[in-house]
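Colleague: Below: one structure in C-alpha cells.
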4 protein chains.
Amino acid sequence: MIEAASARAQDKFTYGMVGGGPGAFIGAVHRASLNLGGKAQLVCGCFSRNAGKNRESGEALSLDPGRVYENYIEMAQAEAERPDRPDFIVVATPNDSHYDICRAFLDRGFSVMCEKPMTIYVEHAYLLQKAAARHNCVLGVSYVYTGHIMAKMARRLIREGAIGEIRMVMAEYPQQWLIDAVEGENKQAAWRTDPAQSGQCNCVGDIGSHIESLVHYMTGLKIEKLCANLDIFGEGRTLDTNASILLKYEGGASGVYWCSQVAAGYENALRVRIFGTEGTVEFEQEKSNFLTYIPKGKPAQVLVRGGDYLPADLRALDRLPAGHPEGYHEALANIYDEFLRAVAAKRAGEEICEADFDFPGAEMGIDGVWFIEKCAESTKSDTKWIKF
Amino acid sequence: MIEAASARAQDKFTYGMVGGGPGAFIGAVHRASLNLGGKAQLVCGCFSRNAGKNRESGEALSLDPGRVYENYIEMAQAEAERPDRPDFIVVATPNDSHYDICRAFLDRGFSVMCEKPMTIYVEHAYLLQKAAARHNCVLGVSYVYTGHIMAKMARRLIREGAIGEIRMVMAEYPQQWLIDAVEGENKQAAWRTDPAQSGQCNCVGDIGSHIESLVHYMTGLKIEKLCANLDIFGEGRTLDTNASILLKYEGGASGVYWCSQVAAGYENALRVRIFGTEGTVEFEQEKSNFLTYIPKGKPAQVLVRGGDYLPADLRALDRLPAGHPEGYHEALANIYDEFLRAVAAKRAGEEICEADFDFPGAEMGIDGVWFIEKCAESTKSDTKWIKF
Amino acid sequence: MIEAASARAQDKFTYGMVGGGPGAFIGAVHRASLNLGGKAQLVCGCFSRNAGKNRESGEALSLDPGRVYENYIEMAQAEAERPDRPDFIVVATPNDSHYDICRAFLDRGFSVMCEKPMTIYVEHAYLLQKAAARHNCVLGVSYVYTGHIMAKMARRLIREGAIGEIRMVMAEYPQQWLIDAVEGENKQAAWRTDPAQSGQCNCVGDIGSHIESLVHYMTGLKIEKLCANLDIFGEGRTLDTNASILLKYEGGASGVYWCSQVAAGYENALRVRIFGTEGTVEFEQEKSNFLTYIPKGKPAQVLVRGGDYLPADLRALDRLPAGHPEGYHEALANIYDEFLRAVAAKRAGEEICEADFDFPGAEMGIDGVWFIEKCAESTKSDTKWIKF
Amino acid sequence: MIEAASARAQDKFTYGMVGGGPGAFIGAVHRASLNLGGKAQLVCGCFSRNAGKNRESGEALSLDPGRVYENYIEMAQAEAERPDRPDFIVVATPNDSHYDICRAFLDRGFSVMCEKPMTIYVEHAYLLQKAAARHNCVLGVSYVYTGHIMAKMARRLIREGAIGEIRMVMAEYPQQWLIDAVEGENKQAAWRTDPAQSGQCNCVGDIGSHIESLVHYMTGLKIEKLCANLDIFGEGRTLDTNASILLKYEGGASGVYWCSQVAAGYENALRVRIFGTEGTVEFEQEKSNFLTYIPKGKPAQVLVRGGDYLPADLRALDRLPAGHPEGYHEALANIYDEFLRAVAAKRAGEEICEADFDFPGAEMGIDGVWFIEKCAESTKSDTKWIKF
C-alpha cells in the first residue's frame, strides 16, 4: 500500500475554501478528507458571512489573517493576483450561492470542487460547465458516495455484465434529522428548509440527488421519465421532507427512489439495489466496506473491501487492509485524489478528458439539477410521467 | 403454554379441500398448518382436475375413496347431503376458479377458507361476502402473513400510538422465481402468468395483494389514490412480473409498494416499514420471529417473539418459547385458530361479529381485489393518480 | 413437494407419551411436530405425576381415558398387552427418570424416542443401547437441531471436503432464562437446577450437550480431551448455569464450546462455526433457514434452505419453498420422519443398520452423557486436560 | 462540531517515525491518522533498514533528506540536539525492536507512541515505564480499538452499572490472512511468524493482546488466572496462529478469548461481549459505529455513534454526524488527540496524571506483555490454571 500512497503523495496542492465556518458540517469534512490524503494544504478562505466567526475559523485553521476574506468576491480577486494562488477552491455554502461563487472563481481560472447540488437552476449548471471549459479549469461536484471503493466495485460488476441487462433499480435514502421542526436551533436545517437558500426542493435536492448520482454512476442508466410524489411533512414547512419517485429509464428498466428526512431510526441510510437478468448488486453506504452480489440461481456473496478477489486497480485504492473499516472521509478523499490528478494534469498543461478521471464532474452536476427540476415539475402535475 | 394449547385443542373440526394436488404448493401447506394445530381433520376433497392425480392424492391422504370427488360441484352436492358434512372447505386453486368454487360451497352452507386473491373481479368478491352472510357461513381469505405474532405486535404498537401519526409506508415483496421463463416446467408459474387463470395482474395479484393486506392489517390506513408502474419482464409474457406503486392514504400519509418476481437473490422477502411522527415499526416475514421498533430519538429496539415484555394475549399465541423459531406453518395455523373459533361459534348458533376475530375475512378479500383492479387501471392510464 | 409428502404420509403410526403435561414445554412440541408430519397419532400417555393434571391432559388430547395412566409402569404393562399397542413411546420427563422409563418400554418391545440427555450415568446409557438391541427396538434421542436441513447441508459440505481439514470449532449456546433465580415460579427451572433431577450438570447437560451433538453430527470429530470451566452463577444454586470448555479433537483440531443460561439478550442462540484449511461453515439455529459457507479466499456465501443449488436429497426434505421459513417444529418433524422410517422397517421385519437412517440414536445419546461426565470431572480437577 | 475541531486544532506538533517504510502496514496508518487530526507534522524518520527504501520513503513524504536517518540511534542522537526537535516519536517496527528504540528516544526526553505489544519481555515493559517517568515523557501504546467512540460508550455503560456485576466475557478476534503459508511473499507475515522478531507468541501477541486490552479498557476487570490452548496451524511454523483461552477474573467472572489467523472469511473481526447481572454490552470493531446494549428482560438496543441519546462528552469526539461512518483512522486519531493533549501538558510544564487522559499508556502496555507471557506459560503446562 505504501507504494500507492507514495505515488499519490508526490504532488502537492494548495486550496481555498468558501463556507465551512463554525456550525457548518460539510466544510470541515472536506478539510479532514484532504488532510487524510495529505496532498493539499488550506491557504485561504471565506468561512462565514459573520465577520467574527470568519476570523475565528481562520485562526483555528492557522491561516495567514491576510488570506481570510470577508466575502468570496474579494477572495477571488485577491487570490487571483497572488503568485502563489491556490490550485483549487472548495465551495461548501448553501445551494443558492453555488452558482455565483463557482462562477467568480472559475472565471478567474481556479479549479473548483463544489458541493451538490451544483446549482439551483439547470441553466446555471450549464453555464458553470462552460465557464470551466472556457478557462481550462477542473470542476468537480462532491457526490461523495461515488468515492466508496465498493460503489466502484458495484459499477465494475454492472459494467462487465455480471448482472446482465438491468430491469429494476430500488434505491432509498432515509434520514431522521427533520422528523421534528428543528429549524430554529439547527443552522443547517434552517437553510435547507428555506426555499430562498435551498431551491425548489429540500429533501430531493439534498439527498434525492445523491441517489440519482450514485445510481447513474453505478449503472450508466439515463432517466427517460419520472413520476414524483413529494411530501411536506412537518408543520409550517414549505419544502419537501419526504419523496417517492417512480422512474423509467431508457431501454426499459424501471426504478423507485425514496428519500426521507423524517424516517425515525435512519441516520443516513443510502442503499442502492440493482436487479438484472443475470443477478443483483446491492450497496449500503452505512456498510460501505461491503457489497452484496447475487449471481442468478446462486447463493448471495458478500464482498469485502480489501478482499483478495477484488480487481487490482480497485485494491490499489485501499488505504487500509480488509477488516479495518474505511468510511466517509476516505470516500471523499478518493474523490479528491482523482480531482487532484486532473488538477495536476491541467497544471502541467496536459489536455485532459473527463472520462479518464473517476470523480463526479460537471455532467453529473447538471444531471442532478435536472433531476431536482423534474421532480418539482412532476409533483405539481396531473400527468403521470414527466419526460426528460 | 400447554394451558393455551389445551384450550385450543378441545374443539374438533372436519374439512374438505379443493385444489392442493400433486405439484401444487399451497394446498399441502394448508393441510400441514391444520395438522400442526391438531384440531381439524381432512375428510374429503377434489385435489386435481386430473383423475389419476386426484385419486393418488386421496390415497396419500388416507381419505375414504368415496369422498374424493372428480369435480367441486359433485363434491359440494354430495357433502352437503351427508350427516357428517365437513365444517369448512379450503379452496386452494388458481385465482379464476375461486369465485365459482367458493360460491358452490357457501351456497350450501359451508364455511370457506379461500386462497388470496379472493376473486378476479370486485363484483364477485362482494357476491361472495353476501353469500357468506346469507348462509351464515364464515368466509376467510388466507393472507397468511397477518398470522405472524410479530405482525400482530406491529399492529398493536401502531394502534396504541407508539409511532404517533403515520407519515410514510415503505413496503416491498421481492421474489426471484420468475427471473427466467420457467412457465414450461413449473405448473404454478404456468397458471400465474396466464391471464385466463390469474386475472388482470400476476405479480400484483399474487404478492402485491399480500403487501396491501398486511399494511392495512397493521395500520388500518385506507388508500385514497395510487399510481402504478407495472412491468412485464420476461420474454413472451403478457402479465406483470414487477410492479412499483405510489400511494396516498386518507389522512395524508404516503406509501410505496414494490413487488417483484424477477429480483435475483430474494426468495420471499416481504418487508413492511411504517414511519410515524413518533417512531418506526418494521417487520420482515423471512425474520418473522423479530420486530424492529424505533421510538423517535432513541436507539432501535429488536423485539423477539416470546419475549417477556410482549403483551400477555400475544404471548398466549406462542407455540414455542422465544428463540425456538416459528415460521410460515405457525402463521397459517394462527389464522386457522381464529377462523375455527368463528366456525365453532357459528356451529354453536352464536351471533358473531367479524371484529371479534383476528383472521383475514371478506373485507380484506374485497380490498385486495380492489387494489389489483386499481393497479391495472393505473398502469393503462396517463393520469397520475387513480382514486379509490 | 407433494410427491415427497405423499410418500412420507403413507405409513401411519401410533404412539404414547410419558411426560409433557401442563406447564411442561417439550412434550407439547413433540406432539405438534408429530402432528405436522401427519403420520403418527397419540393413543395413550402418562403426562404428569399429578393425577388431576394427568387426566386433564388426556382429555385435552382427546384420549381414551382408559389409556391415560397414573404411572409409566402401569402404562408399559397395560399397553404391552393390547393388540393395538402403540408403535413407539416418547419420553419427555426430567433427566433422572429417563433410564427407568425408557428401560420399562424397551424391555417390553416398544421403540422409544427419549429427550436428551439420554441418561444421567454413562453406564445407564449403554444399558439402554443394549436393551434396544436385545428387543429389536428403535431408540432415538431427540437432539432436535440435527434435524435442520441446513445443519444437514453443513454436514454435507464438511463431509465432502468443502472446507478441507478441520482446524478449529467455535460453538456457543447462550440463553438468558436463568439470569435471575426463577426456580420458585418456573417448573422447568426448578428441576433443571436440582441435582437430584438434572444430574451432575445443568447448563452443560441441557444445552452443552446440544453443542456436542450438533458439532459431532456436522463434523464427525471425536473429542480426545477437554478442559472445562463451569460457573454457578445465581445465588443459592448448586449446578452450573454457564460453562466454557476447551477441546482437542483426535487429529489435532481445537475447539471452544460456550453455553450459558445467564446471557441477557440471548434466547436460544446455538451457533456453530467450523474452520478448515479450505474454508468455513457456520450455522445458527435462530436463523436455521440459512447457512454461511466461505470458501478460502472467496466472498462469503449465504445459502438458503430451498435454494435451487442445494442437493436434491436435501431439497426433498423441504416442507415449504425457500423464503417461507421453517423452524423448530420442522426440525423435530424431520427427525421423526427418519425415526419412523426405522420403526416401519422394524415393523416390517427388516434388518436395519443405524447408519442408513439420519436421526440421533443411541450412539449420540451415549456420547452426550460422556461429554457431561467429563465436563463435571474437569471442573473438579487441577489437571489441564481430561482425556476421553 | 467545528467548535470541537477548532479547539483540538490549536496546538500544533511535530513528530518523527521509526519503521513504516514501503511494504509495511501500520506506519502509514499512523501518518494518515495524524493527518486526519491535522495537528501533527512529520519532520524526520528512519523508515527502513534498507537504505534505498528508507530514502524513497523520506522523499515520498517530502522530508528534508537531512532528517531521514539510516538507523534509529543516529536519529535519536541527531534529533535530540536540534532546537526544533520533534515533540514525539512513533515506533512502528517489529516487536523485538520496540524496547531498544523506545528506550533510545525516551532516554533523550522524547515522548513516544509505540506499537503493541510494547515489548517482548515484561521486565523491558517496566523499564520503559520507568524511563518515561524519569525523563518526564509521555509513553503511549497504540491499542487502536480503545479509540472507537462506541468502545468508550461500552466502557461508560459498564462503569455506570448498566449491566450490573459482570459474570462472563466472551471475546474473539478471528482473521484469515495466515490460513496459508504466505510468509515467503508477505513481509509482515514473515516477521510475525518468526520467534526472533515476534517474541514468544504470534497470534496471541498480535491480536490476542488487542482482546486483552480492549476487555480491560471496557470492564476494568483484572485477570486472576488463565488456561490457554495455543495451536500452531500451518506447516513449518513454530509460533501460534490460533489460540483459545479460558479466564477467571478477580471477583469471580469468567471469560473466553479466542483469536485466530486461520479463520477463513474473517478479516479483522474483533468482537467483545460482556454479560452482567443486569444486561449485556456488545462491540464489534468491523461495525464500530454501533453498539448493542441489552438491558435484562428488555429488547436489544442498537446504539449508533452520533446518536442524540449519547453523552455530550462522547458526542464531542464525533468527527462526522451519525450515519456517516467513521473507521479505523478515526479511532487512532482519537487516541492521538488524547496523547497529544498529554504531550502539550508536558510541554507546558504541567504535572499530569495518566488517569486524566484517555489513551492507552504504559500500564496497558505492561498488562499486554504479561498476558502474552502467561499464555505462553500455560500452553506448556499441565496445570489447569496459571495464576497472574
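Identifiers for the C-alpha cells are assigned positionally: chains receive A, B, ... in sequence, residues are indexed from 1 per chain, and ligands are indexed from 1 in the order shown.
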Could you pull out the strand (DSSP E) residues of segment 163-309 of chain C, going by DSSP on the backbone, and write them as a PyMOL selection string?
Modeller: chain C and resi 166-174+223-231+242-249+254-260+271-276+279-284+290-295+300-304
Colleague: Store the residues picked out above in a file with C-alpha atoms, as an mmCIF file, in the first residue's frame.
Modeller:
data_model
loop_
_atom_site.group_PDB
_atom_site.id
_atom_site.type_symbol
_atom_site.label_atom_id
_atom_site.label_comp_id
_atom_site.auth_asym_id
_atom_site.auth_seq_id
_atom_site.Cartn_x
_atom_site.Cartn_y
_atom_site.Cartn_z
ATOM 1 C CA ILE C 166 -10.888 -29.047 10.188
ATOM 2 C CA ARG C 167 -8.654 -26.909 12.410
ATOM 3 C CA MET C 168 -10.977 -25.126 14.792
ATOM 4 C CA VAL C 169 -14.529 -25.426 16.073
ATOM 5 C CA MET C 170 -16.142 -22.436 17.735
ATOM 6 C CA ALA C 171 -19.550 -23.228 19.141
ATOM 7 C CA GLU C 172 -21.793 -21.425 21.558
ATOM 8 C CA TYR C 173 -25.261 -21.727 23.002
ATOM 9 C CA PRO C 174 -26.237 -18.723 25.137
ATOM 10 C CA ILE C 223 -13.128 -35.441 21.342
ATOM 11 C CA GLU C 224 -9.701 -36.511 22.589
ATOM 12 C CA LYS C 225 -9.631 -34.349 25.727
ATOM 13 C CA LEU C 226 -11.265 -31.309 27.229
ATOM 14 C CA CYS C 227 -10.791 -28.648 29.867
ATOM 15 C CA ALA C 228 -13.965 -27.195 31.369
ATOM 16 C CA ASN C 229 -14.716 -24.172 33.488
ATOM 17 C CA LEU C 230 -18.222 -24.459 34.932
ATOM 18 C CA ASP C 231 -19.697 -21.447 36.700
ATOM 19 C CA ASN C 242 -22.564 -21.056 32.480
ATOM 20 C CA ALA C 243 -19.734 -23.145 31.095
ATOM 21 C CA SER C 244 -16.715 -22.604 28.894
ATOM 22 C CA ILE C 245 -14.813 -25.560 27.572
ATOM 23 C CA LEU C 246 -11.573 -26.007 25.618
ATOM 24 C CA LEU C 247 -11.326 -29.104 23.450
ATOM 25 C CA LYS C 248 -8.785 -31.051 21.473
ATOM 26 C CA TYR C 249 -10.158 -33.493 18.935
ATOM 27 C CA SER C 254 -9.096 -27.479 18.625
ATOM 28 C CA GLY C 255 -12.435 -26.311 19.889
ATOM 29 C CA VAL C 256 -14.221 -23.951 22.220
ATOM 30 C CA TYR C 257 -17.743 -24.600 23.496
ATOM 31 C CA TRP C 258 -19.553 -21.957 25.487
ATOM 32 C CA CYS C 259 -23.018 -22.410 26.902
ATOM 33 C CA SER C 260 -24.844 -20.109 29.244
ATOM 34 C CA ARG C 271 -24.276 -21.203 16.799
ATOM 35 C CA VAL C 272 -21.606 -23.482 15.347
ATOM 36 C CA ARG C 273 -18.647 -22.336 13.280
ATOM 37 C CA ILE C 274 -16.292 -24.859 11.729
ATOM 38 C CA PHE C 275 -12.976 -23.631 10.337
ATOM 39 C CA GLY C 276 -10.935 -25.757 7.971
ATOM 40 C CA GLY C 279 -12.980 -22.712 4.218
ATOM 41 C CA THR C 280 -15.549 -22.138 6.894
ATOM 42 C CA VAL C 281 -19.110 -23.290 7.555
ATOM 43 C CA GLU C 282 -21.433 -21.538 10.008
ATOM 44 C CA PHE C 283 -24.889 -22.408 11.291
ATOM 45 C CA GLU C 284 -27.167 -20.540 13.692
ATOM 46 C CA PHE C 290 -29.658 -20.132 6.242
ATOM 47 C CA LEU C 291 -26.108 -21.427 6.188
ATOM 48 C CA THR C 292 -22.939 -19.445 5.665
ATOM 49 C CA TYR C 293 -20.200 -21.048 3.647
ATOM 50 C CA ILE C 294 -16.928 -19.296 2.964
ATOM 51 C CA PRO C 295 -14.541 -20.943 0.557
ATOM 52 C CA ALA C 300 -18.820 -15.426 1.987
ATOM 53 C CA GLN C 301 -21.873 -17.196 0.564
ATOM 54 C CA VAL C 302 -25.266 -17.269 2.223
ATOM 55 C CA LEU C 303 -27.068 -20.483 1.326
ATOM 56 C CA VAL C 304 -30.840 -20.543 1.739
#
Colleague: Any chance you could tabulate, as JSON lines, the residues of segment 86-168 of chain B at most 10 Å from segment 35-41 of chain B with each one's nearest atom pair and distance in Å to one decimal, using only C-alpha atoms, in chain and rising number order?
Modeller:
{"residue": "B:Pro86", "atom": "CA", "partner": "B:Gln41", "partner_atom": "CA", "distance": 9.0}
{"residue": "B:Asp87", "atom": "CA", "partner": "B:Ala40", "partner_atom": "CA", "distance": 9.0}
{"residue": "B:Phe88", "atom": "CA", "partner": "B:Ala40", "partner_atom": "CA", "distance": 9.5}
Colleague: Looking only at the backbone, which of the residues in segment 148-386 of chain D does DSSP tag as alpha helix (DSSP H), as a PyMOL selection string?
Modeller: chain D and resi 149-159+187-192+195-198+203+209-219+312-315+328-347+362-379
Colleague: Which residues of chain D are close to chain A, meaning at most 9 Å apart when you count only C-alpha atoms, and how do they look as a VMD selection string?
Modeller: chain D and resid 1 to 3 5 to 10 20 to 26 28 to 29 31 to 38 56 to 57 59 to 62 175 266 to 269 285 to 288 304 307 319 to 329
Colleague: Counting only C-alpha atoms, what is within 7 Å of Glu338 of chain A, bar same-chain residues fewer than 3 positions away, as a ChimeraX atom specification?
Modeller: /A:334-335,341-342,357-359
Colleague: List the neighbours of Gly19 of chain A out to 12 Å using only C-alpha atoms; skip same-chain residues closer than 3 positions along the sequence, and give me the result as a ChimeraX atom specification.
Modeller: /A:16,22-31,44-50,53-54,57-58,68-72,89-95,97-98,101,114-115
Colleague: Calculate how many Å separate atom CA of Gly208 of chain B from atom CA of Ala264 of chain B, rounding to one decimal.
Modeller: 17.6 Å
Colleague: So how far away is atom CA of Val144 of chain C from atom CA of Leu332 of chain C, in Å?
Modeller: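 Going from atom CA of Leu332 of chain C over to atom CA of Val144 of chain C, I get 5.3 Å.
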Colleague: Report as a PyMOL selection string all protein, DNA and RNA residues lying within 7 Å of segment 119-126 of chain D, evaluated on only C-alpha atoms, omitting residues in the same chain fewer than 2 positions from it.
Modeller: chain D and resi 95-96+98-99+117+128-130+199+366+369-370
Colleague: Store the residues picked out above, limited to N, CA and C atoms, as a PDB file, in the first residue's frame.
Modeller:
ATOM      1  N   ASN D  95       8.112  -6.310  16.772  1.00  0.00           N
ATOM      2  CA  ASN D  95       8.051  -6.324  18.238  1.00  0.00           C
ATOM      3  C   ASN D  95       9.410  -6.337  18.934  1.00  0.00           C
ATOM      4  N   ASP D  96      10.347  -7.156  18.400  1.00  0.00           N
ATOM      5  CA  ASP D  96      11.607  -7.365  19.116  1.00  0.00           C
ATOM      6  C   ASP D  96      12.436  -6.085  19.241  1.00  0.00           C
ATOM      7  N   HIS D  98      11.099  -2.980  19.718  1.00  0.00           N
ATOM      8  CA  HIS D  98      10.399  -1.892  20.423  1.00  0.00           C
ATOM      9  C   HIS D  98      11.190  -1.372  21.622  1.00  0.00           C
ATOM     10  N   TYR D  99      11.690  -2.328  22.414  1.00  0.00           N
ATOM     11  CA  TYR D  99      12.344  -1.894  23.652  1.00  0.00           C
ATOM     12  C   TYR D  99      13.532  -0.971  23.375  1.00  0.00           C
ATOM     13  N   PRO D 117       2.650  -5.300  20.726  1.00  0.00           N
ATOM     14  CA  PRO D 117       2.886  -5.254  22.172  1.00  0.00           C
ATOM     15  C   PRO D 117       4.097  -4.375  22.480  1.00  0.00           C
ATOM     16  N   LEU D 128      10.656   0.504  30.383  1.00  0.00           N
ATOM     17  CA  LEU D 128      10.187   1.627  29.547  1.00  0.00           C
ATOM     18  C   LEU D 128       9.296   2.565  30.367  1.00  0.00           C
ATOM     19  N   GLN D 129       8.435   1.974  31.171  1.00  0.00           N
ATOM     20  CA  GLN D 129       7.567   2.794  32.017  1.00  0.00           C
ATOM     21  C   GLN D 129       8.418   3.701  32.920  1.00  0.00           C
ATOM     22  N   LYS D 130       9.467   3.096  33.500  1.00  0.00           N
ATOM     23  CA  LYS D 130      10.332   3.879  34.385  1.00  0.00           C
ATOM     24  C   LYS D 130      11.090   4.956  33.623  1.00  0.00           C
ATOM     25  N   GLY D 199       8.575 -12.651  19.174  1.00  0.00           N
ATOM     26  CA  GLY D 199       8.542 -12.974  20.603  1.00  0.00           C
ATOM     27  C   GLY D 199       7.987 -14.366  20.826  1.00  0.00           C
ATOM     28  N   ILE D 366       2.126  -2.823  29.724  1.00  0.00           N
ATOM     29  CA  ILE D 366       2.690  -3.855  30.615  1.00  0.00           C
ATOM     30  C   ILE D 366       1.727  -5.036  30.755  1.00  0.00           C
ATOM     31  N   VAL D 369       1.932  -7.379  27.848  1.00  0.00           N
ATOM     32  CA  VAL D 369       3.085  -8.281  27.797  1.00  0.00           C
ATOM     33  C   VAL D 369       2.926  -9.413  28.816  1.00  0.00           C
ATOM     34  N   TRP D 370       2.427  -9.087  29.996  1.00  0.00           N
ATOM     35  CA  TRP D 370       2.098 -10.135  30.978  1.00  0.00           C
ATOM     36  C   TRP D 370       1.163 -11.174  30.386  1.00  0.00           C
TER      37      TRP D 370
END
Colleague: How many Å separate atom CA of Thr219 of chain B from atom CA of Cys353 of chain B?
Modeller: 20.5 Å
